[in-house]
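Okay, protein.pdb is below, PDB, C-alpha atoms and all ligand atoms:
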ATOM      1  CA  MET A   1      79.456 125.402 -57.756  1.00  0.00           C
ATOM      2  CA  SER A   2      77.936 125.888 -61.168  1.00  0.00           C
ATOM      3  CA  GLU A   3      78.799 123.443 -63.913  1.00  0.00           C
ATOM      4  CA  THR A   4      78.741 124.910 -67.400  1.00  0.00           C
ATOM      5  CA  ASP A   5      77.735 121.616 -68.996  1.00  0.00           C
ATOM      6  CA  CYS A   6      74.960 120.938 -66.459  1.00  0.00           C
ATOM      7  CA  ILE A   7      71.541 121.649 -67.945  1.00  0.00           C
ATOM      8  CA  PHE A   8      69.946 122.404 -64.566  1.00  0.00           C
ATOM      9  CA  CYS A   9      72.786 124.757 -63.563  1.00  0.00           C
ATOM     10  CA  ARG A  10      72.111 126.533 -66.855  1.00  0.00           C
ATOM     11  CA  ILE A  11      68.407 126.818 -65.974  1.00  0.00           C
ATOM     12  CA  VAL A  12      69.395 128.325 -62.599  1.00  0.00           C
ATOM     13  CA  ALA A  13      71.668 130.785 -64.432  1.00  0.00           C
ATOM     14  CA  GLY A  14      68.850 131.757 -66.820  1.00  0.00           C
ATOM     15  CA  GLU A  15      70.757 130.450 -69.853  1.00  0.00           C
ATOM     16  CA  ILE A  16      68.105 127.846 -70.700  1.00  0.00           C
ATOM     17  CA  PRO A  17      64.399 128.708 -70.411  1.00  0.00           C
ATOM     18  CA  ALA A  18      62.139 126.934 -67.939  1.00  0.00           C
ATOM     19  CA  VAL A  19      58.657 127.548 -66.577  1.00  0.00           C
ATOM     20  CA  LYS A  20      59.473 128.447 -62.976  1.00  0.00           C
ATOM     21  CA  VAL A  21      56.752 127.668 -60.444  1.00  0.00           C
ATOM     22  CA  SER A  22      58.439 128.406 -57.119  1.00  0.00           C
ATOM     23  CA  GLU A  23      61.740 129.714 -55.855  1.00  0.00           C
ATOM     24  CA  THR A  24      63.579 130.371 -52.628  1.00  0.00           C
ATOM     25  CA  GLU A  25      67.085 131.655 -52.048  1.00  0.00           C
ATOM     26  CA  ARG A  26      68.528 128.149 -52.412  1.00  0.00           C
ATOM     27  CA  VAL A  27      65.887 126.138 -54.271  1.00  0.00           C
ATOM     28  CA  LEU A  28      64.163 126.377 -57.658  1.00  0.00           C
ATOM     29  CA  ALA A  29      61.067 124.539 -58.922  1.00  0.00           C
ATOM     30  CA  PHE A  30      60.078 124.391 -62.590  1.00  0.00           C
ATOM     31  CA  ASN A  31      57.809 122.343 -64.841  1.00  0.00           C
ATOM     32  CA  ASP A  32      59.190 119.104 -66.248  1.00  0.00           C
ATOM     33  CA  LEU A  33      59.430 119.281 -70.057  1.00  0.00           C
ATOM     34  CA  ASN A  34      57.843 115.843 -70.374  1.00  0.00           C
ATOM     35  CA  PRO A  35      55.089 115.732 -67.735  1.00  0.00           C
ATOM     36  CA  GLN A  36      53.953 112.355 -66.411  1.00  0.00           C
ATOM     37  CA  ALA A  37      51.066 113.749 -64.305  1.00  0.00           C
ATOM     38  CA  PRO A  38      48.843 116.872 -64.352  1.00  0.00           C
ATOM     39  CA  VAL A  39      51.383 118.456 -62.013  1.00  0.00           C
ATOM     40  CA  HIS A  40      54.968 117.384 -62.716  1.00  0.00           C
ATOM     41  CA  VAL A  41      57.448 119.800 -61.235  1.00  0.00           C
ATOM     42  CA  LEU A  42      61.178 119.368 -60.705  1.00  0.00           C
ATOM     43  CA  VAL A  43      62.604 120.776 -57.483  1.00  0.00           C
ATOM     44  CA  ILE A  44      66.347 121.406 -57.492  1.00  0.00           C
ATOM     45  CA  PRO A  45      68.946 123.064 -55.299  1.00  0.00           C
ATOM     46  CA  LYS A  46      70.512 126.038 -57.054  1.00  0.00           C
ATOM     47  CA  HIS A  47      73.929 124.804 -55.969  1.00  0.00           C
ATOM     48  CA  HIS A  48      75.164 121.818 -57.957  1.00  0.00           C
ATOM     49  CA  HIS A  49      75.032 118.392 -56.285  1.00  0.00           C
ATOM     50  CA  GLY A  50      75.056 115.342 -58.525  1.00  0.00           C
ATOM     51  CA  ASP A  51      72.495 113.179 -56.793  1.00  0.00           C
ATOM     52  CA  VAL A  52      70.392 112.898 -53.657  1.00  0.00           C
ATOM     53  CA  SER A  53      72.913 110.743 -51.780  1.00  0.00           C
ATOM     54  CA  THR A  54      75.610 113.363 -52.320  1.00  0.00           C
ATOM     55  CA  LEU A  55      73.272 116.141 -51.250  1.00  0.00           C
ATOM     56  CA  ALA A  56      72.080 114.301 -48.131  1.00  0.00           C
ATOM     57  CA  ALA A  57      75.688 113.875 -46.999  1.00  0.00           C
ATOM     58  CA  ALA A  58      76.790 117.407 -47.915  1.00  0.00           C
ATOM     59  CA  ASP A  59      73.802 119.502 -46.841  1.00  0.00           C
ATOM     60  CA  PRO A  60      70.808 117.690 -45.319  1.00  0.00           C
ATOM     61  CA  GLY A  61      69.158 121.023 -44.514  1.00  0.00           C
ATOM     62  CA  LEU A  62      69.076 121.858 -48.208  1.00  0.00           C
ATOM     63  CA  LEU A  63      67.407 118.517 -48.905  1.00  0.00           C
ATOM     64  CA  ALA A  64      64.759 119.429 -46.319  1.00  0.00           C
ATOM     65  CA  GLU A  65      64.290 122.804 -48.041  1.00  0.00           C
ATOM     66  CA  MET A  66      63.624 120.984 -51.311  1.00  0.00           C
ATOM     67  CA  ILE A  67      60.832 119.027 -49.623  1.00  0.00           C
ATOM     68  CA  GLU A  68      59.381 122.231 -48.171  1.00  0.00           C
ATOM     69  CA  VAL A  69      59.240 123.650 -51.709  1.00  0.00           C
ATOM     70  CA  ALA A  70      57.573 120.430 -52.928  1.00  0.00           C
ATOM     71  CA  ASP A  71      54.931 120.977 -50.212  1.00  0.00           C
ATOM     72  CA  VAL A  72      54.328 124.554 -51.371  1.00  0.00           C
ATOM     73  CA  VAL A  73      54.091 123.528 -55.035  1.00  0.00           C
ATOM     74  CA  SER A  74      51.645 120.719 -54.289  1.00  0.00           C
ATOM     75  CA  MET A  75      49.456 122.972 -52.142  1.00  0.00           C
ATOM     76  CA  GLU A  76      49.408 125.730 -54.758  1.00  0.00           C
ATOM     77  CA  ARG A  77      48.846 123.434 -57.780  1.00  0.00           C
ATOM     78  CA  ALA A  78      46.991 120.427 -56.337  1.00  0.00           C
ATOM     79  CA  ASP A  79      45.592 119.276 -52.996  1.00  0.00           C
ATOM     80  CA  GLY A  80      48.846 119.023 -51.055  1.00  0.00           C
ATOM     81  CA  GLN A  81      49.260 115.315 -51.779  1.00  0.00           C
ATOM     82  CA  TYR A  82      52.055 114.266 -54.060  1.00  0.00           C
ATOM     83  CA  ARG A  83      54.551 111.618 -55.026  1.00  0.00           C
ATOM     84  CA  LEU A  84      58.189 112.559 -54.601  1.00  0.00           C
ATOM     85  CA  ILE A  85      60.736 110.669 -56.718  1.00  0.00           C
ATOM     86  CA  PHE A  86      64.496 110.877 -56.706  1.00  0.00           C
ATOM     87  CA  ASN A  87      66.127 108.741 -59.350  1.00  0.00           C
ATOM     88  CA  ASN A  88      69.518 108.033 -57.817  1.00  0.00           C
ATOM     89  CA  GLY A  89      71.940 106.711 -60.426  1.00  0.00           C
ATOM     90  CA  PRO A  90      71.585 105.760 -64.089  1.00  0.00           C
ATOM     91  CA  ARG A  91      70.223 102.271 -63.438  1.00  0.00           C
ATOM     92  CA  ALA A  92      67.440 103.895 -61.388  1.00  0.00           C
ATOM     93  CA  GLY A  93      66.606 106.133 -64.357  1.00  0.00           C
ATOM     94  CA  GLN A  94      68.581 109.248 -63.479  1.00  0.00           C
ATOM     95  CA  SER A  95      69.436 111.075 -66.701  1.00  0.00           C
ATOM     96  CA  VAL A  96      70.311 114.560 -65.410  1.00  0.00           C
ATOM     97  CA  PHE A  97      73.119 114.548 -62.858  1.00  0.00           C
ATOM     98  CA  HIS A  98      72.053 117.578 -60.849  1.00  0.00           C
ATOM     99  CA  VAL A  99      69.876 116.321 -58.020  1.00  0.00           C
ATOM    100  CA  HIS A 100      66.175 116.872 -58.636  1.00  0.00           C
ATOM    101  CA  ALA A 101      62.968 115.773 -56.957  1.00  0.00           C
ATOM    102  CA  HIS A 102      60.099 114.892 -59.264  1.00  0.00           C
ATOM    103  CA  VAL A 103      56.859 116.185 -57.687  1.00  0.00           C
ATOM    104  CA  LEU A 104      53.872 114.389 -59.218  1.00  0.00           C
ATOM    105  CA  ALA A 105      50.365 115.457 -58.237  1.00  0.00           C
ATOM    106  CA  GLY A 106      46.906 116.387 -59.435  1.00  0.00           C
ATOM    107  CA  ALA A 107      45.545 112.904 -60.133  1.00  0.00           C
ATOM    108  CA  GLU A 108      45.070 109.462 -58.622  1.00  0.00           C
ATOM    109  CA  LEU A 109      48.551 108.072 -59.139  1.00  0.00           C
ATOM    110  CA  GLY A 110      48.944 104.415 -59.980  1.00  0.00           C
ATOM    111  CA  TRP A 111      51.971 102.452 -58.950  1.00  0.00           C
ATOM    112  CA  THR A 112      54.321 100.836 -61.437  1.00  0.00           C
ATOM    113  CA  PRO A 113      57.548  99.959 -59.653  1.00  0.00           C
ATOM    114  CA  ALA A 114      59.608  99.476 -62.825  1.00  0.00           C
TER     115      ALA A 114
HETATM  116  P1  LIG A 201      65.696 111.926 -64.388  1.00  0.00           P
HETATM  117  O1  LIG A 201      65.476 110.919 -65.488  1.00  0.00           O
HETATM  118  O2  LIG A 201      65.172 111.520 -63.052  1.00  0.00           O
HETATM  119  O3  LIG A 201      67.125 112.393 -64.355  1.00  0.00           O
HETATM  120  O4  LIG A 201      64.788 113.172 -64.784  1.00  0.00           O
HETATM  121  C1  LIG A 201      65.203 114.190 -65.631  1.00  0.00           C
HETATM  122  C2  LIG A 201      63.978 114.980 -65.981  1.00  0.00           C
HETATM  123  O5  LIG A 201      64.378 116.225 -66.479  1.00  0.00           O
HETATM  124  C3  LIG A 201      63.092 114.322 -67.038  1.00  0.00           C
HETATM  125  O6  LIG A 201      61.794 114.100 -66.488  1.00  0.00           O
HETATM  126  C4  LIG A 201      63.083 115.354 -68.168  1.00  0.00           C
HETATM  127  O7  LIG A 201      61.832 115.442 -68.797  1.00  0.00           O
HETATM  128  C5  LIG A 201      63.448 116.622 -67.434  1.00  0.00           C
HETATM  129  N1  LIG A 201      64.098 117.644 -68.228  1.00  0.00           N
HETATM  130  C6  LIG A 201      65.203 117.519 -68.988  1.00  0.00           C
HETATM  131  N2  LIG A 201      65.538 118.702 -69.534  1.00  0.00           N
HETATM  132  C7  LIG A 201      64.646 119.599 -69.080  1.00  0.00           C
HETATM  133  C8  LIG A 201      64.454 120.998 -69.271  1.00  0.00           C
HETATM  134  N3  LIG A 201      65.275 121.731 -70.042  1.00  0.00           N
HETATM  135  N4  LIG A 201      63.408 121.606 -68.659  1.00  0.00           N
HETATM  136  C9  LIG A 201      62.571 120.879 -67.881  1.00  0.00           C
HETATM  137  N5  LIG A 201      62.700 119.562 -67.652  1.00  0.00           N
HETATM  138  C10 LIG A 201      63.716 118.929 -68.251  1.00  0.00           C
END

Starting from the file, lay out its structure as structure tokens.
Amino acid sequence: MSETDCIFCRIVAGEIPAVKVSETERVLAFNDLNPQAPVHVLVIPKHHHGDVSTLAAADPGLLAEMIEVADVVSMERADGQYRLIFNNGPRAGQSVFHVHAHVLAGAELGWTPA
């Protein structure tokens, strides 16, 4: 499914530019526009799923593929260590409703829970 009003579906379709850093048949990784760490990459499935809970129920293998891509990105761009964040729902900070993993790496990361 591709949703015409979904910004990340439009990135997958090549209609909106993004700095791609890794890609597989089913997964795309690109730089976050507003980086919060030296490496801040978003990993998304090419197929539209609204959030990580929906994806986990629909296609857990695809969720695992996203984490494999996060591993590759962190090894290519940092030291293989990274923070993986899924904001799941608006009150958790989700603003784009196409599931995405934030991969943060390349620095000592502090911890601010909210
Ligand atoms: P979230 O708040 O978890 O939904 O995260 C959405 C993320 O998408 C934010 O970190 C934004 O900076 C990022 N973002 C929004 N639009 C774009 C875009 N066109 N290209 C890259 N990153 C984007």

Expected selection as a ChimeraX atom specification for ligand LIG 201 (chain A) within 6 Å, only C-alpha atoms and all ligand atoms: /A:18,31-34,87,93-96

Matched chain/residue IDs from the PyMOL selection byres (((chain A and resi 54-67) around 8) and not hetatm), as an MDAnalysis selection string: chainID A and resid 26:27 43:45 49:53 68:71 99 101

Atom-to-atom span, atom CA of A:Gly80 and atom CA of A:Phe97, Å: 27.4 Å

Residues selected by the PyMOL selection byres (((chain A and resi 17) around 12) and not hetatm), written as a VMD selection string: chain A and resid 7 to 16 18 to 20 30 to 33

Put those residues in a file: C-alpha atoms, as a PDB file, keeping the file's coordinate frame.
ATOM      1  CA  ILE A   7      71.541 121.649 -67.945  1.00  0.00           C
ATOM      2  CA  PHE A   8      69.946 122.404 -64.566  1.00  0.00           C
ATOM      3  CA  CYS A   9      72.786 124.757 -63.563  1.00  0.00           C
ATOM      4  CA  ARG A  10      72.111 126.533 -66.855  1.00  0.00           C
ATOM      5  CA  ILE A  11      68.407 126.818 -65.974  1.00  0.00           C
ATOM      6  CA  VAL A  12      69.395 128.325 -62.599  1.00  0.00           C
ATOM      7  CA  ALA A  13      71.668 130.785 -64.432  1.00  0.00           C
ATOM      8  CA  GLY A  14      68.850 131.757 -66.820  1.00  0.00           C
ATOM      9  CA  GLU A  15      70.757 130.450 -69.853  1.00  0.00           C
ATOM     10  CA  ILE A  16      68.105 127.846 -70.700  1.00  0.00           C
ATOM     11  CA  ALA A  18      62.139 126.934 -67.939  1.00  0.00           C
ATOM     12  CA  VAL A  19      58.657 127.548 -66.577  1.00  0.00           C
ATOM     13  CA  LYS A  20      59.473 128.447 -62.976  1.00  0.00           C
ATOM     14  CA  PHE A  30      60.078 124.391 -62.590  1.00  0.00           C
ATOM     15  CA  ASN A  31      57.809 122.343 -64.841  1.00  0.00           C
ATOM     16  CA  ASP A  32      59.190 119.104 -66.248  1.00  0.00           C
ATOM     17  CA  LEU A  33      59.430 119.281 -70.057  1.00  0.00           C
TER      18      LEU A  33
END

Explicit residue set for the PyMOL selection byres (((chain A and resi 108-113) around 10) and not hetatm), as JSON, numbers by chain: {"A": [37, 81, 82, 83, 104, 105, 106, 107, 114]}

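Between atom CA of A:Glu25 and atom CA of A:Pro38 there is a distance of 26.5 Å.
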
Axis-aligned box for stretch 45-49 of chain A, 3 Å per side, centre and edges in Å as AutoDock Vina command-line options:
--center_x 72.1 --center_y 122.2 --center_z -56.6 --size_x 12.2 --size_y 13.6 --size_z 8.7

Pick out the residues sitting within 8 Å of A:Arg77, and hand them over as a short mmCIF file (atom, residue, chain, number, x, y, z; two decimals) with C-alpha atoms, keeping the file's coordinate frame; count all atoms listed in the file, and ignore anything fewer than 3 positions along from it in its own chain.
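See result.cif below for the written result:
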data_model
loop_
_atom_site.label_atom_id
_atom_site.label_comp_id
_atom_site.auth_asym_id
_atom_site.auth_seq_id
_atom_site.Cartn_x
_atom_site.Cartn_y
_atom_site.Cartn_z
CA VAL A 39 51.38 118.46 -62.01
CA VAL A 73 54.09 123.53 -55.04
CA SER A 74 51.64 120.72 -54.29
CA GLY A 106 46.91 116.39 -59.44
#

Distance criterion (all atoms listed in the file): nearest to A:His40 out of A:Ala92, A:Cys6, A:Leu28, A:Ile85: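 Checking each candidate against A:His40, we get A:Ile85 as the closest.
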
Given all atoms listed in the file as the counted atoms, nearest of A:His102, A:Glu3, A:Gly89, A:Met75 to A:Lys46: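 Among the listed residues, the smallest separation from A:Lys46 belongs to A:Glu3.
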
Computed interatomic separation between atom CA of A:Pro90 and atom CA of A:Val72 (Å): 28.5 Å
